[in-house]
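Chemist: Contents of model11.cif (mmCIF, C-alpha atoms) are given next:
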```cif
data_start
#
loop_
_atom_site.label_atom_id
_atom_site.label_comp_id
_atom_site.auth_asym_id
_atom_site.auth_seq_id
_atom_site.Cartn_x
_atom_site.Cartn_y
_atom_site.Cartn_z
CA MET A 331 0.00 0.00 0.00
CA LEU A 332 2.86 2.38 0.68
CA THR A 333 3.76 2.49 -3.02
CA LYS A 334 0.19 3.39 -4.04
CA SER A 335 -1.00 6.91 -4.70
CA SER A 336 -2.52 8.90 -1.85
CA THR A 337 -5.97 8.59 -3.47
CA GLU A 338 -5.68 4.79 -3.67
CA ARG A 339 -4.49 4.60 -0.05
CA LEU A 340 -7.34 6.83 1.09
CA ASN A 341 -9.90 4.75 -0.84
CA TYR A 342 -8.48 1.58 0.69
CA PHE A 343 -8.70 3.10 4.17
CA HIS A 344 -12.33 4.13 3.59
CA SER A 345 -13.22 0.61 2.41
CA ILE A 346 -12.14 -1.01 5.68
CA THR A 347 -14.57 -1.58 8.53
CA VAL A 348 -12.92 -2.32 11.84
CA GLY A 349 -14.94 -4.40 14.27
CA HIS A 350 -15.66 -2.92 17.67
CA LEU A 351 -16.76 -4.75 20.80
CA ARG A 352 -19.75 -2.45 21.45
CA LEU A 353 -20.95 -2.72 17.85
CA ARG A 354 -20.62 -6.50 18.01
CA GLN A 355 -22.64 -6.52 21.23
CA ALA A 356 -25.28 -4.26 19.66
CA LEU A 357 -25.45 -6.52 16.58
CA ASP A 358 -25.85 -9.63 18.75
CA ALA A 359 -28.58 -7.98 20.83
CA LEU A 360 -30.36 -6.75 17.70
CA LEU A 361 -30.31 -10.20 16.07
CA ILE A 362 -31.52 -11.91 19.25
CA ASN A 363 -34.43 -9.47 19.55
CA LEU A 364 -35.32 -9.79 15.86
CA GLN A 365 -35.49 -13.58 16.16
CA GLN A 366 -38.03 -13.46 19.00
CA GLN A 367 -41.52 -14.60 18.03
CA THR A 368 -43.68 -11.48 18.35
CA ASP A 369 -46.47 -9.94 16.33
CA ILE A 370 -44.89 -6.49 16.13
CA CYS A 371 -41.61 -5.38 17.56
CA VAL A 372 -40.05 -1.96 17.22
CA LEU A 373 -36.39 -1.65 18.11
CA PHE A 374 -34.43 1.59 18.18
CA VAL A 375 -30.69 1.78 17.68
CA VAL A 376 -29.60 5.19 18.90
CA GLY A 377 -26.17 6.76 18.88
CA LEU A 378 -24.09 9.71 17.85
CA ALA A 379 -23.37 10.40 14.19
CA GLY A 380 -20.58 8.21 12.85
CA VAL A 381 -20.63 5.51 15.53
CA GLY A 382 -21.73 2.78 13.12
CA LYS A 383 -25.52 2.62 13.15
CA THR A 384 -25.76 2.30 9.37
CA THR A 385 -22.95 -0.27 9.33
CA LEU A 386 -24.81 -2.17 12.04
CA ARG A 387 -28.03 -2.07 9.99
CA LEU A 388 -26.33 -3.27 6.81
CA ARG A 389 -24.52 -6.06 8.65
CA ALA A 390 -27.75 -7.20 10.35
CA GLU A 391 -29.57 -7.22 6.99
CA LYS A 392 -26.78 -9.30 5.44
CA LEU A 393 -26.76 -11.82 8.30
CA LEU A 394 -30.56 -12.15 8.30
CA LEU A 395 -30.57 -12.75 4.54
CA GLU A 396 -27.79 -15.34 4.85
CA GLU A 397 -29.67 -17.09 7.65
CA ALA A 398 -32.82 -17.27 5.51
CA LEU A 399 -31.13 -18.63 2.35
CA THR A 400 -32.35 -22.20 2.92
CA SER A 401 -35.98 -21.20 3.38
CA MET A 402 -35.68 -18.72 0.50
CA SER A 403 -34.55 -21.51 -1.82
CA HIS A 404 -37.86 -23.30 -1.15
CA ASN A 405 -39.94 -20.12 -1.11
CA THR A 406 -38.63 -17.91 -3.89
CA CYS A 407 -40.92 -14.96 -3.13
CA GLN A 408 -39.62 -14.62 0.43
CA ILE A 409 -37.75 -11.44 1.35
CA PRO A 410 -37.08 -11.69 5.07
CA VAL A 411 -35.50 -8.27 5.55
CA ALA A 412 -35.29 -4.96 3.75
CA GLY A 413 -33.80 -1.63 4.65
CA ILE A 414 -34.19 1.97 3.60
CA GLU A 415 -33.10 5.42 4.68
CA ALA A 416 -35.92 7.75 5.73
CA ILE A 417 -35.75 11.04 3.88
CA PRO A 418 -36.12 14.25 5.94
CA ALA A 419 -39.38 16.13 5.74
CA GLU A 420 -39.81 19.17 3.58
CA GLY A 421 -41.77 21.94 5.19
CA GLY A 422 -41.71 20.34 8.64
CA LYS A 423 -44.01 17.39 7.94
CA PHE A 424 -42.85 13.89 7.09
CA ASN A 425 -44.23 12.51 3.81
CA TYR A 426 -45.51 9.04 4.68
CA LYS A 427 -46.71 8.33 1.15
CA ASP A 428 -43.18 8.90 -0.15
CA TYR A 429 -41.88 6.66 2.65
CA TYR A 430 -44.29 3.85 1.72
CA LEU A 431 -43.35 4.19 -1.95
CA ARG A 432 -39.63 4.03 -1.09
CA VAL A 433 -40.16 0.83 0.91
CA LEU A 434 -42.13 -0.67 -2.00
CA GLU A 435 -39.29 0.32 -4.36
CA SER A 436 -36.79 -1.33 -2.02
CA LEU A 437 -38.84 -4.53 -2.00
CA GLU A 438 -39.17 -4.37 -5.78
CA GLN A 439 -35.39 -4.03 -6.20
CA LEU A 440 -34.72 -6.84 -3.72
CA SER A 441 -37.25 -9.06 -5.45
CA VAL A 442 -35.57 -8.60 -8.83
CA THR A 443 -32.07 -8.96 -7.35
CA LEU A 444 -32.91 -12.11 -5.40
CA SER A 445 -34.73 -13.68 -8.34
CA THR A 446 -31.81 -13.07 -10.72
CA THR A 447 -29.08 -14.23 -8.33
CA ASN A 448 -30.42 -17.76 -8.61
CA SER A 449 -29.13 -19.77 -11.55
CA LYS A 450 -32.15 -18.79 -13.59
CA PRO A 451 -34.08 -15.53 -13.40
CA ASN A 452 -37.49 -15.98 -11.82
CA PHE A 453 -39.73 -12.99 -12.46
CA GLN A 454 -42.89 -15.03 -11.88
CA ASN A 455 -42.53 -14.32 -8.17
CA HIS A 456 -42.10 -10.62 -8.77
CA ALA A 457 -45.44 -9.87 -7.11
CA ILE A 458 -44.99 -6.20 -6.31
CA ALA A 459 -46.93 -3.92 -8.60
CA SER A 460 -45.01 -1.08 -10.14
CA THR A 461 -44.53 1.82 -7.75
CA THR A 462 -45.37 4.12 -10.66
CA TYR A 463 -48.93 2.81 -10.44
CA PHE A 464 -49.13 3.70 -6.74
CA ALA A 465 -47.64 7.19 -7.13
CA SER A 466 -51.06 8.57 -8.07
CA LYS A 467 -52.91 6.72 -5.30
CA SER A 468 -53.77 7.96 -1.81
CA SER A 469 -51.45 7.38 1.12
CA ASP A 470 -53.88 4.85 2.63
CA ILE A 471 -53.90 2.76 -0.55
CA VAL A 472 -50.11 2.83 -0.78
CA ARG A 473 -49.81 1.82 2.89
CA ARG A 474 -52.17 -1.12 2.37
CA ALA A 475 -50.21 -2.19 -0.71
CA LEU A 476 -47.01 -2.07 1.35
CA GLU A 477 -48.59 -4.11 4.14
CA GLN A 478 -49.75 -6.72 1.62
CA ALA A 479 -46.31 -6.83 -0.02
CA MET A 480 -44.66 -7.32 3.38
CA ARG A 481 -47.04 -10.18 4.20
CA HIS A 482 -46.59 -11.71 0.74
CA HIS A 483 -42.81 -11.65 1.07
CA GLN A 484 -42.97 -12.90 4.67
CA MET A 485 -40.82 -10.06 5.95
CA THR A 486 -39.55 -10.36 9.47
CA ALA A 487 -37.75 -7.01 9.61
CA LEU A 488 -37.83 -3.61 7.98
CA MET A 489 -34.83 -1.56 8.96
CA VAL A 490 -35.22 2.20 8.69
CA ASP A 491 -32.07 4.28 8.83
CA LYS A 492 -32.46 7.89 9.96
CA ALA A 493 -35.83 6.94 11.47
CA GLN A 494 -35.93 10.16 13.47
CA HIS A 495 -37.32 11.73 10.30
CA LEU A 496 -40.51 9.69 10.82
CA LEU A 497 -41.25 11.91 13.82
CA MET A 498 -41.05 15.19 11.89
CA LEU A 499 -44.72 16.06 12.22
CA ALA A 500 -46.67 19.30 12.35
CA GLY A 501 -48.06 18.85 15.86
CA GLY A 502 -47.74 16.91 19.08
CA GLU A 503 -51.05 15.11 18.50
CA GLN A 504 -49.76 13.69 15.22
CA MET A 505 -46.60 12.47 16.97
CA LEU A 506 -48.65 10.66 19.61
CA HIS A 507 -50.71 9.07 16.83
#
```
Could you write out this structure as structure tokens?
Modeler:
Amino acid sequence: MLTKSSTERLNYFHSITVGHLRLRQALDALLINLQQQTDICVLFVVGLAGVGKTTLRLRAEKLLLEEALTSMSHNTCQIPVAGIEAIPAEGGKFNYKDYYLRVLESLEQLSVTLSTTNSKPNFQNHAIASTTYFASKSSDIVRRALEQAMRHHQMTALMVDKAQHLLMLAGGEQMLH
């Protein structure tokens, strides 16, 4: 590495993730809690900027997908976990319709990716309707479509990065809701 250019060395440095005991403990705790049999479970991972929350999310998604590979080979429409980054609100109010559409897009991309990583592409199980269709629909319809897609794909976890944006609402009553 010492003979490489400074740009190459810097890129190499940025590509390395160094394990940390606290992050490993957080990952273990997150995975244990995600594997508990519950109807609905909401877990928050909170920390300062740059401590590794996104890295933790991506690692957990990867491990959950790897763990589900056997069941996914028998059930090709299964997507056990998906993740997105919540986009900050414009004008002080979070756009839930946009959020639902982004999750649907994420599922759509995962569905295509997972179906083409098998030896033969399998678009028959691509059961998510085009998000373009839902763009003109009401927020309630898009939410129901997302709920159905999550049930169809037997999702066990949806990981939302920057989830604090979900709480950017116009009033306290909306936040309580």
Chemist: Quick one: of A:Ser466, A:Ser441, A:Ser401, A:Thr347, who's nearest to Gly382 in chain A, counting only C-alpha atoms?
Modeler: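 Nearest to Gly382 in chain A: A:Thr347.
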Chemist: Which one is closest to Leu393 in chain A: A:Ala412, A:Leu332, A:Met498, A:Leu434? Count only C-alpha atoms.
Modeler: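 Looking at the shortest contact to Leu393 in chain A, the residue is A:Ala412.
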Chemist: A:Thr406, A:Asn425, A:Gln366, A:Thr337: which is nearest Ser469 in chain A, counting all atoms listed in the file?
Modeler: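 The shortest atom-to-atom distance to Ser469 in chain A comes from A:Asn425.
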Chemist: Smallest atom-to-atom distance to Met485 in chain A: which of A:Val411, A:Leu437, A:Leu386, A:Val348, using all atoms listed in the file?
Modeler: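 Among A:Val411, A:Leu437, A:Leu386, A:Val348, it is A:Val411 that comes nearest to Met485 in chain A.
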Chemist: Hey, what's within 10 Å of Leu496 in chain A if we count only C-alpha atoms and toss same-chain stuff fewer than 3 positions away? As a list in words, please?
Modeler: Ala416, Ile417, Pro418, Ala419, Lys423, Phe424, Asn425, Tyr426, Tyr429, Val490, Lys492, Ala493, Leu499 and Met505 of chain A
Chemist: Using only C-alpha atoms, which residue out of A:Met402, A:His350, A:Thr486, A:Tyr430 lies closest to Asp369 in chain A?
Modeler: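 Between A:Met402, A:His350, A:Thr486, A:Tyr430, the residue approaching Asp369 in chain A most closely is A:Thr486.
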Chemist: Please provide as an MDAnalysis selection string all residues within 12 Å of Lys383 in chain A, with the sequence filter that same-chain residues fewer than 2 positions apart are discarded (counting all atoms listed in the file).
Modeler: chainID A and resid 352:354 356:357 360 374:381 385:390 415 489:493
Chemist: For the atom pair CA of Glu435 in chain A and CA of Gln365 in chain A, what is the interatomic distance in Å to one decimal place?
Modeler: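 That distance, rounded to one decimal, is 25.1 Å.
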Chemist: For the structure provided, state which residues fall under the PyMOL selection byres ((chain A and resi 482) around 10), and present them as a JSON list (two decimals) with C-alpha atoms, keeping the file's coordinate frame.
Modeler:
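Saved file selection_8.json follows:
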```json
[["chain", "number", "residue", "atom", "x", "y", "z"],
["A", 407, "CYS", "CA", -40.92, -14.96, -3.13],
["A", 408, "GLN", "CA", -39.62, -14.62, 0.43],
["A", 409, "ILE", "CA", -37.75, -11.44, 1.35],
["A", 457, "ALA", "CA", -45.44, -9.87, -7.11],
["A", 458, "ILE", "CA", -44.99, -6.20, -6.31],
["A", 476, "LEU", "CA", -47.01, -2.07, 1.35],
["A", 477, "GLU", "CA", -48.59, -4.11, 4.14],
["A", 478, "GLN", "CA", -49.75, -6.72, 1.62],
["A", 479, "ALA", "CA", -46.31, -6.83, -0.02],
["A", 480, "MET", "CA", -44.66, -7.32, 3.38],
["A", 481, "ARG", "CA", -47.04, -10.18, 4.20],
["A", 483, "HIS", "CA", -42.81, -11.65, 1.07],
["A", 484, "GLN", "CA", -42.97, -12.90, 4.67],
["A", 485, "MET", "CA", -40.82, -10.06, 5.95]]
```
Chemist: So what do you get for CA of Leu431 in chain A versus CA of Val472 in chain A, distance-wise?
Modeler: 7.0 Å
Chemist: Could you work out how far CA of Ala475 in chain A lies from CA of Leu399 in chain A, giving the answer in Å with one decimal?
Modeler: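 Atom-to-atom, CA of Leu399 in chain A and CA of Ala475 in chain A are spaced 25.4 Å apart.
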Chemist: For range 415-429 of chain A, supply N, CA, C and O atoms and report the output as a short mmCIF file (atom, residue, chain, number, x, y, z; two decimals), in the coordinates of the input.
Modeler:
```
data_model
loop_
_atom_site.label_atom_id
_atom_site.label_comp_id
_atom_site.auth_asym_id
_atom_site.auth_seq_id
_atom_site.Cartn_x
_atom_site.Cartn_y
_atom_site.Cartn_z
N GLU A 415 -33.44 4.23 3.92
CA GLU A 415 -33.10 5.42 4.68
C GLU A 415 -34.28 6.37 4.58
O GLU A 415 -34.72 6.71 3.47
N ALA A 416 -34.81 6.80 5.73
CA ALA A 416 -35.92 7.75 5.73
C ALA A 416 -35.39 9.11 5.29
O ALA A 416 -34.33 9.55 5.73
N ILE A 417 -36.14 9.75 4.43
CA ILE A 417 -35.75 11.04 3.88
C ILE A 417 -36.36 12.14 4.76
O ILE A 417 -37.53 12.06 5.14
N PRO A 418 -35.58 13.18 5.08
CA PRO A 418 -36.12 14.25 5.94
C PRO A 418 -37.32 14.94 5.31
O PRO A 418 -37.44 15.02 4.09
N ALA A 419 -38.16 15.45 6.18
CA ALA A 419 -39.38 16.13 5.74
C ALA A 419 -39.05 17.47 5.10
O ALA A 419 -38.09 18.12 5.47
N GLU A 420 -39.88 17.83 4.15
CA GLU A 420 -39.81 19.17 3.58
C GLU A 420 -40.97 19.95 4.16
O GLU A 420 -42.09 19.47 4.17
N GLY A 421 -40.69 21.12 4.64
CA GLY A 421 -41.77 21.94 5.19
C GLY A 421 -42.20 21.50 6.58
O GLY A 421 -43.30 21.84 7.01
N GLY A 422 -41.41 20.71 7.26
CA GLY A 422 -41.71 20.34 8.64
C GLY A 422 -42.64 19.17 8.84
O GLY A 422 -42.96 18.83 9.96
N LYS A 423 -43.10 18.53 7.78
CA LYS A 423 -44.01 17.39 7.94
C LYS A 423 -43.51 16.22 7.11
O LYS A 423 -43.29 16.35 5.91
N PHE A 424 -43.35 15.08 7.76
CA PHE A 424 -42.85 13.89 7.09
C PHE A 424 -43.86 13.39 6.06
O PHE A 424 -45.06 13.37 6.32
N ASN A 425 -43.37 12.97 4.90
CA ASN A 425 -44.23 12.51 3.81
C ASN A 425 -44.32 10.98 3.87
O ASN A 425 -43.47 10.28 3.35
N TYR A 426 -45.37 10.49 4.52
CA TYR A 426 -45.51 9.04 4.68
C TYR A 426 -45.75 8.33 3.36
O TYR A 426 -45.29 7.22 3.17
N LYS A 427 -46.47 8.96 2.45
CA LYS A 427 -46.71 8.33 1.15
C LYS A 427 -45.38 8.08 0.45
O LYS A 427 -45.15 6.99 -0.10
N ASP A 428 -44.50 9.06 0.46
CA ASP A 428 -43.18 8.90 -0.15
C ASP A 428 -42.41 7.79 0.55
O ASP A 428 -41.75 6.97 -0.09
N TYR A 429 -42.52 7.72 1.87
CA TYR A 429 -41.88 6.66 2.65
C TYR A 429 -42.39 5.28 2.23
O TYR A 429 -41.62 4.37 1.97
#
```
